[in-house]
Every structure is written in C-alpha cells, then in structure tokens.
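A.B. asks: To start, I am sharing the structure in question, which I have written as structure tokens.
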Amino acid sequence: MKAVILAGGEGTRLRPLTLNRPKSMVPILNRPFLEHMIDYLKGYNIDDIILALCYLPGYIQNYFGDGSDFGVRLTYVMEDPPLGTAGAVKNIEQHLDETFFVFNGDIFTDLDLTRMMEFHQEMGAKVTIALTPVENPSIYGVVEADANSRVERFIEKPSPDAATTNMINAGTYIIAPEVLESIPAESFCTFEREVFPMLVETGEPVYSHPSDAYWIDIGSHEKYLKLHYDLLRGKTAKSFPSKGIRVDGDCDIHSQAELKGPLIIGTNCVIGPRVQVKGPSVIGPNCQIGADSLIDRAVVWKNTRLGQAVSARGCVIAENVFVGDRSQIMQGSVLGDNVVVGAGKRIERDTTLGADNPLFQLSNAL
Ligand code: GDD
Ligand code: MG
C-alpha cells in the first residue's frame, strides 16, 4: 500500500519555528513530526511512502535519506513552484497505479486506517475523506454528508455563518488512481477548492469516514504546544506515562533541581541547582538551564541556554536561543532559532520573536 504525504507548504502560521525547517520537521517530543507520522504509517504496514515536497526539501531528505534507517521506503518528489494539494499528487501520478492514501503532512491522529480502508471498499468509493469534529469549522474544510456518509458538499474555509456542520476534512484521503485523470497536469490545483467539489458535483462516489480518534493540525503555535501537552498527559493512543519523567542519555541534573512530570529531557543537558522543571514540558538535547530557573509547561528545543533565575512558562523556545539571567518568558510566547534575550528582560504574553524582528534582538543583546 502506498501513501503520499503532502509536506510542501511553508508553514506560515508556525513562523518563526518554520523559518529554517519545514513544518513537518518541527520537533515533537524531541523527534521531527514526520518521524512520528512514519511510525504511525508503519503500524499499518504502509511502508512505501512518497513525500511531495516544495519548501526546504533538503532538510527532510538529509534527515531520512532513503528511509531504510526508519524501516520504510521513501521517494521524494519536488515541486517548484508549489502545485497545490491535488497538483502535488498529479505530479507523482507515475508512482500511483493502485488505490492509495494521501495525508496532509501536519496532522497528528490515531485514526484507524484499516477501518477506513474497509469502509472505502465496502462503499465502492472513488474518494473517502476522513472527518473529525471541531469547535471552529470555518478554518477548515467543511464536509456535508447524507445519512449513508456520501459527501453532498465540500466547502473549504467557509465564513463562520456558512459552516453548516462541525464535521471537517481531517486531511486523510483514500483515492482511486482514476481520480488523477480529472486533475490538470503541471498546474496549481487543490483537492479542497477544485477536485472534491467537482467530483461531488459530477456525482462521483465520494464518501466521508467520521471518527472521534485523537486529531490535531499542528499548524499554529497554540496547537503545537497543545499536541505536546496531550501526548505527555497520555491523551492519545501513543501514551506517555502520565506524570512520568524521561531523561535521555547522559545529563547533568543537579541534586537540588526539582523535576515534576510529565517531562522529557534530551541527552547531554545540564540543569543547575534549585531549577524547577514542571510538566508537561520537553527540553531538547544539549541545553543548559542555569541555577534557580523555572521551566513550566514549556517546550525548549536543542542547544538552548537559559541563564540563572530565568522563568519560562507555557512557551516555545527554539534552537540555539540564549536567554539572559532573570529574564521572564511569559505564557504563549515563541522564541525562534538563534534569538538572544538580554538579562532582566520580560517577554510579554503571546510575543513572537524571530529572525524576522532582528531589531529586538540587537537592542536586547548582552
Ligand atoms: N507538496 C505540496 N504542495 N504540499 C502542500 C501544498 C503544495 O502546494 N500546499 C499545502 N501543502 C501541504 C502542507 O504542507 C500541509 O501538510 C498540507 O498540505 C495542508 O496544507 P495546510 O496549509 O496546512 O492547509 P490547512 O491546514 O489550512 O487546511 C487543510 O487541512 C485541514 C485539516 O487540518 C485542508 O485540507 C482543510 O480542508 C482541512 O480541513
Ligand atoms: Mg494544516
């Protein structure tokens, strides 16, 4: 069984975290998101995976190579310029001669793919779209279906008053290869705005497969943090021992440091005296946390250094960041790669700092 993962988008809403890496490579529990996805697919014996890439493709290729170290066979196909979600799949038509899966490359889910395939075959569908309930459907693709789950309407990102149901496109599809004939070659085309509405309009058997499996699109700062909290609190099938503390490899954790799970601490970290790390939190490899600092419900990436008496709450701090002594990083803040925060600064709630706003860094540098 083949699967296509759409991982070409720029991840604009996740900036600055996606300035130097594709969205599918942001770390989740210290491993790239895509590695979790590959594990999930392997769990269903899907080991022939085609990655449709566009933005920073080399980052993904360098990490995964041919996939053999990860137990899968990976094929990379690049687009330049982007072809849209359907154009990207049309672009790899030569690899697709049997019914295949397509996955948005930014969804973490426990959806049962075997059941979805059984449903697809039972219904004799040409396309089956996984659905999930959400609170704010208008930022997604809204799918209206009849009592037999046959899709009657697909409306991508409707205005809030036009969203007639809270069941949305969960970004997993099963597609019969003949559907590719209806997608124009070498042109920008999306499933959501063009192909699905057109197939429904022309009476093709497009079915929906609702499920209440865990589901999240990691495409915003808030959701990125929420996925960490959910994984660490054991809210997904891939459960982490709730309240557990996992320290990877060799770390130098001072005997007076206080760790309260659920936590993951990457290898080679140095954690000073009287530091408090409160879960759910993740600290990447090679980080240094100075004496008397507090990390509370935060995700810290690799090679980052916090000085003494720093407090970091409910925030994301990316790679190679330096935070000076006594600085406070407030709830909802995101510090991108290489950001420098001088001593005694207060980064207010929901502040985003990255290479896009270098002036801040200069004026605050030590
Ligand atoms: N190769 C390639 N080329 N990939 C692309 C392109 C492209 O031109 N455009 C987007 N992608 C990839 C993105 O990298 C991402 O993994 C996926 O396709 C979906 O794109 P997003 O930009 O994240 O779309 P969205 O989240 O606003 O909406 C989509 O996902 C929702 C579920 O989260 C739509 O499919 C909605 O209908 C759906 O409800
Ligand atoms: Mg998305």
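Chain labels A, B, ... are given in the sequence in which chains occur in the structure tokens; within each chain residues are numbered consecutively from 1, and ligands are likewise numbered from 1 in the order shown.
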Could you give me the residues within segment 62-129 of chain A that DSSP places in strand (DSSP E or B), as a count of residues only?
C.D. replies: 17
A.B. asks: Per residue of chain A within 9 Å of ligand 2, what are the shortest atom pair and its distance in Å to one decimal, counting only C-alpha atoms and all ligand atoms, with rows by chain and residue number, as a tab-separated table?
C.D. replies:
```
residue	atom	partner	partner_atom_place_in_ligand_line	distance
A:Gly9	CA	ligand 2	1 (Mg)	8.7
A:Gly11	CA	ligand 2	1 (Mg)	8.1
A:Asn104	CA	ligand 2	1 (Mg)	7.0
A:Gly105	CA	ligand 2	1 (Mg)	7.7
A:Asp106	CA	ligand 2	1 (Mg)	5.5
A:Ile107	CA	ligand 2	1 (Mg)	7.0
A:Tyr140	CA	ligand 2	1 (Mg)	8.4
A:Gly171	CA	ligand 2	1 (Mg)	8.1
A:Asp217	CA	ligand 2	1 (Mg)	5.4
A:Ile218	CA	ligand 2	1 (Mg)	6.8
A:Gly219	CA	ligand 2	1 (Mg)	5.1
A:Ser220	CA	ligand 2	1 (Mg)	8.5
```
A.B. asks: Produce as a short mmCIF file (atom, residue, chain, number, x, y, z; two decimals) with C-alpha atoms, in the first residue's frame the set of residues near ligand 1, where near means within 6 Å with only C-alpha atoms and all ligand atoms considered.
C.D. replies:
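And here is the file that came out, selection_9.cif:
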```cif
data_model
loop_
_atom_site.label_atom_id
_atom_site.label_comp_id
_atom_site.auth_asym_id
_atom_site.auth_seq_id
_atom_site.Cartn_x
_atom_site.Cartn_y
_atom_site.Cartn_z
CA LEU A 6 1.85 16.38 1.40
CA ALA A 7 4.66 18.26 3.06
CA GLY A 8 5.31 21.15 0.71
CA GLY A 9 3.62 24.08 2.48
CA ALA A 52 5.54 15.65 -2.04
CA LEU A 53 7.90 18.48 -1.11
CA CYS A 54 8.42 22.08 -2.07
CA PRO A 82 4.07 24.76 -5.48
CA LEU A 83 1.33 22.84 -7.31
CA GLY A 84 -1.31 22.80 -4.57
CA THR A 85 -2.50 19.68 -2.75
CA ALA A 88 1.26 17.74 -5.99
CA ASN A 104 -1.68 16.24 5.00
CA GLY A 105 1.81 16.44 6.50
CA ASP A 106 0.76 18.38 9.60
CA TYR A 140 -11.02 24.02 7.89
CA GLY A 141 -12.73 22.22 5.00
CA GLU A 156 -13.16 24.93 2.07
CA ILE A 168 -14.41 18.80 8.85
CA ASN A 169 -11.91 17.30 6.44
CA ALA A 170 -9.34 15.63 8.66
CA GLY A 171 -6.68 15.66 5.93
CA GLU A 192 -10.23 21.20 -1.32
CA ASP A 217 -3.43 20.04 13.00
#
```
A.B. asks: What is the atom CA of Ile46 of chain A-atom CA of Val179 of chain A distance in Å, reported with one decimal?
C.D. replies: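 About the pair atom CA of Ile46 of chain A and atom CA of Val179 of chain A: they are 21.0 Å apart.
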A.B. asks: Excluding Leu131 of chain A and its own-chain neighbours fewer than 5 positions away, which residues fall within 10 Å of it when counting only C-alpha atoms? Please give them as a PyMOL selection string.
C.D. replies: chain A and resi 111+141-143+166-173+208-213+215
A.B. asks: Near Leu74 of chain A, counting only C-alpha atoms, which residues have an atom at most 9 Å away, once you skip same-chain residues fewer than 5 positions from it, shown as number ranges by chain?
C.D. replies: A: 47-51, 64-68
A.B. asks: Show which residues sit within 8 Å of Leu263 of chain A, as a PyMOL selection string. Count only C-alpha atoms, and ignore same-chain residues fewer than 2 positions away.
C.D. replies: chain A and resi 232+243-246+259-261+265+278-282
A.B. asks: Just to be explicit: take each residue in the selection above, keep C-alpha atoms, and write the result as a short mmCIF file (atom, residue, chain, number, x, y, z; two decimals), in the first residue's frame.
C.D. replies:
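Contents of the output file result_2.cif:
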```cif
data_model
loop_
_atom_site.label_atom_id
_atom_site.label_comp_id
_atom_site.auth_asym_id
_atom_site.auth_seq_id
_atom_site.Cartn_x
_atom_site.Cartn_y
_atom_site.Cartn_z
CA LEU A 232 2.63 13.99 27.66
CA LYS A 243 3.48 12.10 35.48
CA GLY A 244 6.48 10.18 34.11
CA ILE A 245 9.94 11.67 33.70
CA ARG A 246 12.14 10.50 30.85
CA LEU A 259 11.59 17.80 38.32
CA LYS A 260 7.84 17.29 38.17
CA GLY A 261 6.45 15.20 35.29
CA ILE A 265 14.74 15.85 28.92
CA LYS A 278 7.31 21.40 35.75
CA GLY A 279 5.43 19.25 33.27
CA PRO A 280 4.11 18.90 30.78
CA SER A 281 7.44 20.12 29.39
CA VAL A 282 10.10 18.99 26.96
#
```
A.B. asks: Just the residues within 12 Å of Asp110 of chain A, please, counting only C-alpha atoms, with nothing from its chain fewer than 5 positions along; format it as a PyMOL selection string.
C.D. replies: chain A and resi 36-37+39-41+43-44+115-116+130+132+170+172+211-216+231+235-239
A.B. asks: List every residue of segment 12-215 of chain A that DSSP, applied to the backbone of this structure, places in alpha helix (DSSP H), and write the result as a PyMOL selection string.
C.D. replies: chain A and resi 33-42+57-64+84-90+113-123+196-201
A.B. asks: Of the residues A:Leu227, A:Val334, A:Ile271, A:Met123, which is the one nearest to Thr109 of chain A, using only C-alpha atoms?
C.D. replies: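 That would be A:Leu227, the residue with the smallest distance to Thr109 of chain A.
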